[in-house]
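Raw model_17.txt, compact mmCIF, N, CA and C atoms:
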# COMPACT_ATOMS: atom_id res chain seq x y z
N MET A 1 264.93 65.68 51.38
CA MET A 1 266.06 64.93 50.87
C MET A 1 266.43 65.45 49.49
N SER A 2 266.68 66.72 49.41
CA SER A 2 267.01 67.32 48.14
C SER A 2 268.32 66.78 47.59
N ALA A 3 269.34 66.73 48.42
CA ALA A 3 270.59 66.10 48.02
C ALA A 3 270.58 64.70 48.62
N PRO A 4 270.68 63.66 47.78
CA PRO A 4 270.55 62.32 48.31
C PRO A 4 271.62 62.03 49.36
N GLY A 5 271.17 61.46 50.49
CA GLY A 5 272.09 61.08 51.55
C GLY A 5 272.69 59.72 51.25
N LYS A 6 273.43 59.22 52.21
CA LYS A 6 274.05 57.91 52.08
C LYS A 6 272.97 56.83 52.03
N VAL A 7 272.99 56.00 50.99
CA VAL A 7 272.00 54.93 50.83
C VAL A 7 272.35 53.78 51.76
N MET A 8 271.40 53.43 52.63
CA MET A 8 271.61 52.36 53.59
C MET A 8 270.95 51.06 53.13
N ARG A 9 269.87 51.18 52.37
CA ARG A 9 269.18 50.01 51.84
C ARG A 9 268.33 50.45 50.66
N ASP A 10 268.19 49.54 49.70
CA ASP A 10 267.43 49.81 48.49
C ASP A 10 266.71 48.52 48.12
N GLY A 11 265.40 48.57 47.97
CA GLY A 11 264.67 47.36 47.63
C GLY A 11 263.17 47.59 47.59
N LEU A 12 262.42 46.49 47.57
CA LEU A 12 260.97 46.56 47.45
C LEU A 12 260.26 46.44 48.79
N LEU A 13 259.24 47.26 48.95
CA LEU A 13 258.31 47.20 50.06
C LEU A 13 256.92 47.32 49.48
N GLU A 14 255.92 46.88 50.22
CA GLU A 14 254.54 47.12 49.81
C GLU A 14 253.95 48.12 50.78
N LYS A 15 253.26 49.12 50.21
CA LYS A 15 252.64 50.18 51.01
C LYS A 15 251.13 50.09 50.82
N ARG A 16 250.40 50.20 51.94
CA ARG A 16 248.95 50.17 51.83
C ARG A 16 248.45 51.53 51.37
N SER A 17 247.63 51.53 50.34
CA SER A 17 247.11 52.80 49.83
C SER A 17 246.12 53.39 50.83
N SER A 18 245.97 54.70 50.77
CA SER A 18 245.08 55.38 51.70
C SER A 18 243.66 55.50 51.14
N GLY A 19 243.44 54.94 49.97
CA GLY A 19 242.11 55.00 49.35
C GLY A 19 241.09 54.13 50.05
N LEU A 20 239.91 54.08 49.50
CA LEU A 20 238.79 53.34 50.08
C LEU A 20 239.09 51.84 50.17
N LEU A 21 239.72 51.28 49.14
CA LEU A 21 239.98 49.84 49.12
C LEU A 21 241.24 49.44 49.87
N GLN A 22 242.11 50.36 50.16
CA GLN A 22 243.36 50.14 50.88
C GLN A 22 244.15 48.95 50.31
N LEU A 23 244.43 49.04 49.02
CA LEU A 23 245.18 47.99 48.34
C LEU A 23 246.67 48.11 48.66
N TRP A 24 247.40 46.98 48.59
CA TRP A 24 248.84 46.97 48.78
C TRP A 24 249.49 47.25 47.44
N LYS A 25 250.37 48.24 47.40
CA LYS A 25 251.07 48.61 46.16
C LYS A 25 252.57 48.48 46.38
N LYS A 26 253.26 47.86 45.40
CA LYS A 26 254.71 47.71 45.50
C LYS A 26 255.38 49.05 45.27
N LYS A 27 256.39 49.30 46.10
CA LYS A 27 257.18 50.53 45.99
C LYS A 27 258.65 50.16 46.07
N ARG A 28 259.44 50.82 45.26
CA ARG A 28 260.89 50.69 45.41
C ARG A 28 261.28 51.71 46.47
N CYS A 29 261.90 51.25 47.54
CA CYS A 29 262.23 52.11 48.66
C CYS A 29 263.73 52.27 48.79
N VAL A 30 264.14 53.49 49.03
CA VAL A 30 265.54 53.80 49.24
C VAL A 30 265.65 54.44 50.63
N LEU A 31 266.32 53.73 51.54
CA LEU A 31 266.54 54.22 52.90
C LEU A 31 267.88 54.94 52.93
N THR A 32 267.85 56.21 53.34
CA THR A 32 269.08 56.99 53.46
C THR A 32 269.22 57.47 54.90
N ASP A 33 270.28 58.19 55.17
CA ASP A 33 270.47 58.73 56.51
C ASP A 33 269.55 59.92 56.78
N GLU A 34 268.75 60.33 55.80
CA GLU A 34 267.82 61.44 55.96
C GLU A 34 266.36 61.00 55.99
N GLY A 35 266.08 59.78 55.52
CA GLY A 35 264.70 59.32 55.50
C GLY A 35 264.49 58.19 54.51
N LEU A 36 263.24 58.02 54.13
CA LEU A 36 262.84 56.94 53.24
C LEU A 36 262.21 57.54 51.98
N ARG A 37 262.70 57.15 50.83
CA ARG A 37 262.17 57.64 49.56
C ARG A 37 261.41 56.49 48.90
N LEU A 38 260.15 56.74 48.51
CA LEU A 38 259.30 55.73 47.90
C LEU A 38 259.08 56.05 46.43
N HIS A 39 259.43 55.09 45.57
CA HIS A 39 259.24 55.24 44.12
C HIS A 39 258.15 54.29 43.67
N SER A 40 257.30 54.73 42.76
CA SER A 40 256.27 53.85 42.20
C SER A 40 256.90 52.77 41.35
N CYS A 41 256.25 51.63 41.30
CA CYS A 41 256.71 50.53 40.45
C CYS A 41 255.77 50.38 39.25
N THR A 42 255.40 51.51 38.67
CA THR A 42 254.40 51.50 37.60
C THR A 42 254.99 51.39 36.22
N GLY A 43 256.31 51.40 36.11
CA GLY A 43 256.94 51.40 34.79
C GLY A 43 257.24 52.82 34.38
N GLY A 44 258.16 52.96 33.46
CA GLY A 44 258.59 54.29 33.03
C GLY A 44 257.51 55.01 32.23
N GLY A 45 257.53 56.31 32.31
CA GLY A 45 256.61 57.12 31.53
C GLY A 45 257.21 57.40 30.16
N ALA A 46 256.69 58.41 29.51
CA ALA A 46 257.18 58.75 28.17
C ALA A 46 258.63 59.23 28.21
N ASP A 47 259.00 59.85 29.36
CA ASP A 47 260.35 60.40 29.45
C ASP A 47 261.39 59.33 29.81
N ALA A 48 260.97 58.18 30.35
CA ALA A 48 261.91 57.13 30.73
C ALA A 48 261.32 55.75 30.42
N PRO A 49 261.21 55.39 29.13
CA PRO A 49 260.53 54.15 28.77
C PRO A 49 261.24 52.89 29.25
N SER A 50 262.54 52.94 29.50
CA SER A 50 263.25 51.74 29.90
C SER A 50 263.34 51.59 31.43
N SER A 51 262.91 52.60 32.17
CA SER A 51 263.01 52.55 33.62
C SER A 51 261.85 51.77 34.23
N PRO A 52 262.14 50.80 35.13
CA PRO A 52 261.05 50.05 35.76
C PRO A 52 260.40 50.82 36.92
N TRP A 53 260.96 51.96 37.30
CA TRP A 53 260.45 52.72 38.43
C TRP A 53 259.85 54.03 37.95
N GLY A 54 258.83 54.49 38.64
CA GLY A 54 258.26 55.79 38.33
C GLY A 54 259.27 56.88 38.67
N SER A 55 259.20 58.00 38.00
CA SER A 55 260.18 59.06 38.21
C SER A 55 259.89 59.86 39.48
N ARG A 56 258.62 59.96 39.85
CA ARG A 56 258.26 60.74 41.03
C ARG A 56 258.46 59.92 42.30
N ALA A 57 259.01 60.53 43.32
CA ALA A 57 259.25 59.83 44.58
C ALA A 57 258.57 60.58 45.72
N LYS A 58 258.00 59.81 46.65
CA LYS A 58 257.45 60.39 47.86
C LYS A 58 258.53 60.27 48.93
N GLU A 59 258.74 61.34 49.69
CA GLU A 59 259.80 61.36 50.68
C GLU A 59 259.22 61.36 52.09
N LEU A 60 259.67 60.43 52.90
CA LEU A 60 259.32 60.40 54.31
C LEU A 60 260.60 60.74 55.07
N ARG A 61 260.72 62.00 55.45
CA ARG A 61 261.95 62.48 56.10
C ARG A 61 261.91 62.15 57.59
N PHE A 62 263.08 61.80 58.13
CA PHE A 62 263.17 61.47 59.55
C PHE A 62 262.79 62.64 60.45
N GLU A 63 263.02 63.86 59.99
CA GLU A 63 262.68 65.02 60.82
C GLU A 63 261.17 65.12 61.04
N ARG A 64 260.39 64.48 60.18
CA ARG A 64 258.93 64.49 60.31
C ARG A 64 258.37 63.15 60.79
N MET A 65 259.27 62.20 61.04
CA MET A 65 258.87 60.85 61.44
C MET A 65 258.97 60.75 62.96
N VAL A 66 257.98 60.09 63.59
CA VAL A 66 257.98 59.94 65.03
C VAL A 66 258.50 58.56 65.43
N THR A 67 257.94 57.51 64.82
CA THR A 67 258.33 56.16 65.22
C THR A 67 257.96 55.13 64.15
N VAL A 68 258.55 53.96 64.29
CA VAL A 68 258.16 52.79 63.51
C VAL A 68 257.46 51.88 64.51
N ASP A 69 256.23 51.53 64.23
CA ASP A 69 255.36 50.95 65.23
C ASP A 69 254.64 49.72 64.71
N CYS A 70 253.94 49.07 65.60
CA CYS A 70 252.91 48.08 65.26
C CYS A 70 253.44 46.94 64.39
N VAL A 71 254.46 46.26 64.85
CA VAL A 71 255.05 45.17 64.07
C VAL A 71 254.27 43.89 64.29
N GLU A 72 253.92 43.23 63.19
CA GLU A 72 253.19 41.96 63.26
C GLU A 72 253.78 41.02 62.21
N TYR A 73 253.89 39.76 62.57
CA TYR A 73 254.42 38.74 61.66
C TYR A 73 253.28 37.80 61.28
N LYS A 74 253.03 37.69 59.97
CA LYS A 74 251.91 36.88 59.50
C LYS A 74 252.22 36.29 58.13
N ARG A 75 252.08 34.98 58.00
CA ARG A 75 252.24 34.29 56.71
C ARG A 75 253.52 34.68 55.97
N GLY A 76 254.64 34.74 56.69
CA GLY A 76 255.93 35.04 56.06
C GLY A 76 256.15 36.50 55.76
N LEU A 77 255.27 37.38 56.25
CA LEU A 77 255.41 38.83 56.01
C LEU A 77 255.51 39.57 57.33
N VAL A 78 256.21 40.70 57.29
CA VAL A 78 256.30 41.61 58.43
C VAL A 78 255.44 42.83 58.09
N TYR A 79 254.48 43.13 58.96
CA TYR A 79 253.63 44.30 58.79
C TYR A 79 254.06 45.35 59.81
N PHE A 80 254.24 46.60 59.37
CA PHE A 80 254.63 47.66 60.30
C PHE A 80 254.07 48.99 59.85
N THR A 81 254.07 49.94 60.78
CA THR A 81 253.50 51.26 60.56
C THR A 81 254.54 52.34 60.85
N VAL A 82 254.66 53.29 59.95
CA VAL A 82 255.49 54.46 60.18
C VAL A 82 254.55 55.59 60.61
N VAL A 83 254.82 56.17 61.79
CA VAL A 83 253.98 57.24 62.32
C VAL A 83 254.70 58.56 62.09
N MET A 84 254.00 59.48 61.45
CA MET A 84 254.56 60.79 61.15
C MET A 84 254.16 61.80 62.24
N ALA A 85 254.86 62.93 62.30
CA ALA A 85 254.60 63.97 63.31
C ALA A 85 253.19 64.52 63.21
N THR A 86 252.61 64.47 62.04
CA THR A 86 251.25 64.97 61.83
C THR A 86 250.20 64.02 62.39
N GLY A 87 250.63 62.80 62.79
CA GLY A 87 249.70 61.78 63.26
C GLY A 87 249.34 60.79 62.17
N LYS A 88 249.74 61.07 60.94
CA LYS A 88 249.46 60.17 59.84
C LYS A 88 250.21 58.86 60.03
N GLU A 89 249.52 57.75 59.78
CA GLU A 89 250.13 56.42 59.89
C GLU A 89 250.20 55.79 58.51
N ILE A 90 251.37 55.30 58.14
CA ILE A 90 251.59 54.70 56.82
C ILE A 90 251.97 53.24 57.03
N ASP A 91 251.14 52.35 56.48
CA ASP A 91 251.34 50.91 56.66
C ASP A 91 252.18 50.32 55.55
N PHE A 92 253.10 49.42 55.94
CA PHE A 92 253.98 48.73 55.01
C PHE A 92 253.99 47.24 55.35
N ARG A 93 254.42 46.45 54.37
CA ARG A 93 254.71 45.04 54.63
C ARG A 93 255.86 44.62 53.73
N CYS A 94 256.60 43.60 54.21
CA CYS A 94 257.73 43.07 53.47
C CYS A 94 257.96 41.62 53.88
N PRO A 95 258.69 40.85 53.09
CA PRO A 95 259.00 39.46 53.47
C PRO A 95 259.84 39.41 54.74
N GLN A 96 259.71 38.31 55.51
CA GLN A 96 260.43 38.16 56.76
C GLN A 96 261.90 37.81 56.58
N ASP A 97 262.30 37.41 55.40
CA ASP A 97 263.67 36.93 55.19
C ASP A 97 264.70 38.04 55.40
N GLY A 98 265.82 37.67 56.04
CA GLY A 98 266.90 38.63 56.28
C GLY A 98 266.52 39.68 57.31
N THR A 99 267.23 40.79 57.28
CA THR A 99 266.94 41.89 58.19
C THR A 99 265.70 42.61 57.68
N ALA A 100 264.70 42.70 58.52
CA ALA A 100 263.43 43.33 58.11
C ALA A 100 263.61 44.84 57.95
N TRP A 101 262.86 45.37 57.01
CA TRP A 101 262.90 46.81 56.74
C TRP A 101 262.56 47.62 57.97
N ASN A 102 261.56 47.15 58.74
CA ASN A 102 261.13 47.93 59.91
C ASN A 102 262.28 48.15 60.88
N ALA A 103 263.13 47.13 61.07
CA ALA A 103 264.27 47.26 61.98
C ALA A 103 265.28 48.27 61.44
N GLU A 104 265.55 48.21 60.15
CA GLU A 104 266.52 49.15 59.57
C GLU A 104 266.01 50.59 59.59
N ILE A 105 264.72 50.77 59.32
CA ILE A 105 264.14 52.12 59.36
C ILE A 105 264.18 52.65 60.79
N ALA A 106 263.80 51.80 61.76
CA ALA A 106 263.79 52.23 63.17
C ALA A 106 265.20 52.60 63.64
N LEU A 107 266.19 51.79 63.29
CA LEU A 107 267.57 52.10 63.69
C LEU A 107 268.07 53.39 63.04
N ALA A 108 267.75 53.59 61.77
CA ALA A 108 268.16 54.82 61.07
C ALA A 108 267.47 56.04 61.69
N LEU A 109 266.21 55.88 62.09
CA LEU A 109 265.47 56.97 62.73
C LEU A 109 266.10 57.32 64.07
N VAL A 110 266.43 56.31 64.88
CA VAL A 110 267.07 56.56 66.17
C VAL A 110 268.43 57.24 65.98
N ARG A 111 269.19 56.77 64.99
CA ARG A 111 270.50 57.38 64.69
C ARG A 111 270.32 58.86 64.33
N TYR A 112 269.33 59.15 63.49
CA TYR A 112 269.05 60.53 63.07
C TYR A 112 268.66 61.39 64.28
N LYS A 113 267.74 60.90 65.11
CA LYS A 113 267.28 61.66 66.28
C LYS A 113 268.43 61.90 67.26
N ASN A 114 269.29 60.88 67.44
CA ASN A 114 270.44 61.04 68.33
C ASN A 114 271.40 62.11 67.81
N LEU A 115 271.67 62.09 66.51
CA LEU A 115 272.55 63.12 65.93
C LEU A 115 271.96 64.51 66.11
N GLN A 116 270.63 64.62 65.96
CA GLN A 116 269.97 65.91 66.15
C GLN A 116 270.10 66.38 67.59
N ALA A 117 269.95 65.45 68.55
CA ALA A 117 270.06 65.79 69.97
C ALA A 117 271.48 66.24 70.31
N VAL A 118 272.47 65.55 69.77
CA VAL A 118 273.87 65.94 70.01
C VAL A 118 274.13 67.32 69.43
N GLN A 119 273.63 67.55 68.23
CA GLN A 119 273.81 68.86 67.57
C GLN A 119 273.16 69.96 68.40
N THR A 120 271.95 69.70 68.90
CA THR A 120 271.26 70.69 69.72
C THR A 120 272.03 70.97 71.00
N GLY A 121 272.56 69.91 71.63
CA GLY A 121 273.37 70.08 72.84
C GLY A 121 274.62 70.89 72.58
N ARG A 122 275.28 70.61 71.48
CA ARG A 122 276.49 71.37 71.12
C ARG A 122 276.15 72.83 70.89
N ASN A 123 275.06 73.07 70.18
CA ASN A 123 274.66 74.45 69.90
C ASN A 123 274.36 75.21 71.18
N ARG A 124 273.67 74.55 72.13
CA ARG A 124 273.38 75.19 73.42
C ARG A 124 274.66 75.49 74.17
N HIS A 125 275.55 74.51 74.18
CA HIS A 125 276.83 74.68 74.89
C HIS A 125 277.63 75.83 74.27
N LEU A 126 277.67 75.87 72.94
CA LEU A 126 278.41 76.93 72.27
C LEU A 126 277.77 78.29 72.51
N SER A 127 276.44 78.36 72.54
CA SER A 127 275.79 79.65 72.74
C SER A 127 276.00 80.15 74.17
N THR A 128 275.99 79.26 75.18
CA THR A 128 276.25 79.72 76.55
C THR A 128 277.72 80.07 76.73
N ALA A 129 278.62 79.32 76.10
CA ALA A 129 280.05 79.64 76.18
C ALA A 129 280.34 80.95 75.46
N HIS A 130 279.63 81.17 74.36
CA HIS A 130 279.83 82.39 73.57
C HIS A 130 279.38 83.61 74.35
N LEU A 131 278.34 83.47 75.15
CA LEU A 131 277.85 84.60 75.95
C LEU A 131 278.78 84.89 77.12
N GLY A 132 279.65 83.94 77.44
CA GLY A 132 280.62 84.17 78.50
C GLY A 132 280.10 83.87 79.90
N SER A 133 278.91 83.35 80.00
CA SER A 133 278.35 83.06 81.31
C SER A 133 278.13 81.58 81.48
N THR A 134 278.66 81.03 82.57
CA THR A 134 278.45 79.62 82.86
C THR A 134 277.46 79.44 83.99
N GLY A 135 277.09 80.51 84.64
CA GLY A 135 276.16 80.44 85.75
C GLY A 135 276.85 80.22 87.09
N GLU A 136 278.13 79.92 87.09
CA GLU A 136 278.85 79.63 88.34
C GLU A 136 279.18 80.89 89.12
N ASP A 137 279.49 81.96 88.43
CA ASP A 137 279.92 83.19 89.11
C ASP A 137 278.79 84.17 89.34
N GLU A 138 277.56 83.70 89.32
CA GLU A 138 276.43 84.60 89.47
C GLU A 138 275.81 84.52 90.85
N GLU A 139 276.58 84.31 91.88
CA GLU A 139 276.08 84.31 93.24
C GLU A 139 276.27 85.71 93.82
N LEU A 140 275.18 86.41 94.06
CA LEU A 140 275.25 87.76 94.62
C LEU A 140 274.43 87.87 95.87
When written as structure tokens, how does the structure in this file appear?
Amino acid sequence: MSAPGKVMRDGLLEKRSSGLLQLWKKKRCVLTDEGLRLHSCTGGGADAPSSPWGSRAKELRFERMVTVDCVEYKRGLVYFTVVMATGKEIDFRCPQDGTAWNAEIALALVRYKNLQAVQTGRNRHLSTAHLGSTGEDEEL
């Protein structure tokens, strides 16, 4: 996500750390048409003392994302898992109020995958049309 895509949602999520204690850490998340960007909520560093968000962002791109899985509702929170192509699972939770993040991420992922499939189909169609062969006149 080098050039920021269209922002579809911006807000707070909690991400489970991958460390030994697996603590929940608040992240400012920006959902775009290219993926999910996670910013730390640690406060600004020396270069941005007034910023409430960390400057470094972790990017979860849709091209590397497989699915949004494992939805559970507990004590007013929605727990869900983002599964990456590498097999890595990233756990999140958010309040149940309004449209849940998991639904918006899943819909954006499906939209991205559909656009990729259409693009691939067009490219195949153009490459076969460009070669001049449709396969119909090849009966010998």
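The spacing separating atom CA of Cys70 of chain A from atom CA of Trp24 of chain A amounts to 17.0 Å.
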- Message: I want to know what sits within 8 Å of Leu60 of chain A, based on only C-alpha atoms, with residues of the same chain fewer than 3 positions away left out; could you give that as a PyMOL selection string?
- Response: chain A and resi 35-38+64-65
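Note that atom C of Phe92 of chain A and atom N of Lys25 of chain A are 8.8 Å apart.
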- Message: Measuring between only N, CA and C atoms, which one of A:Val78, A:Val83, A:Val118, A:Val68 shows the shortest distance to Ile105 of chain A?
- Response: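 So, comparing all the options, the nearest one is A:Val68.
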- Which one is closest to Ala117 of chain A: A:Gln22, A:Thr42, A:Glu63, A:Ser17? Count only C-alpha atoms.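 Comparing A:Gln22, A:Thr42, A:Glu63, A:Ser17 against Ala117 of chain A, the winner is A:Glu63.
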- Query: Separation of atom CA of His39 of chain A and atom C of Asn114 of chain A, in Å?
  - Reply: 27.5 Å
- Message: For a cutoff of 12 Å around the file-coordinate point (262.6, 46.1, 58.7), which residues qualify once you count only C-alpha atoms? I'd like the result as a PyMOL selection string.
- Response: chain A and resi 9-13+29+31+68-73+77-82+92-109
- Residues flagged strand (DSSP E) by DSSP in segment 8-128 of chain A, as a VMD selection string: chain A and resid 8 to 16 24 to 32 35 to 40 57 to 61 65 to 74 77 to 84 89 to 95
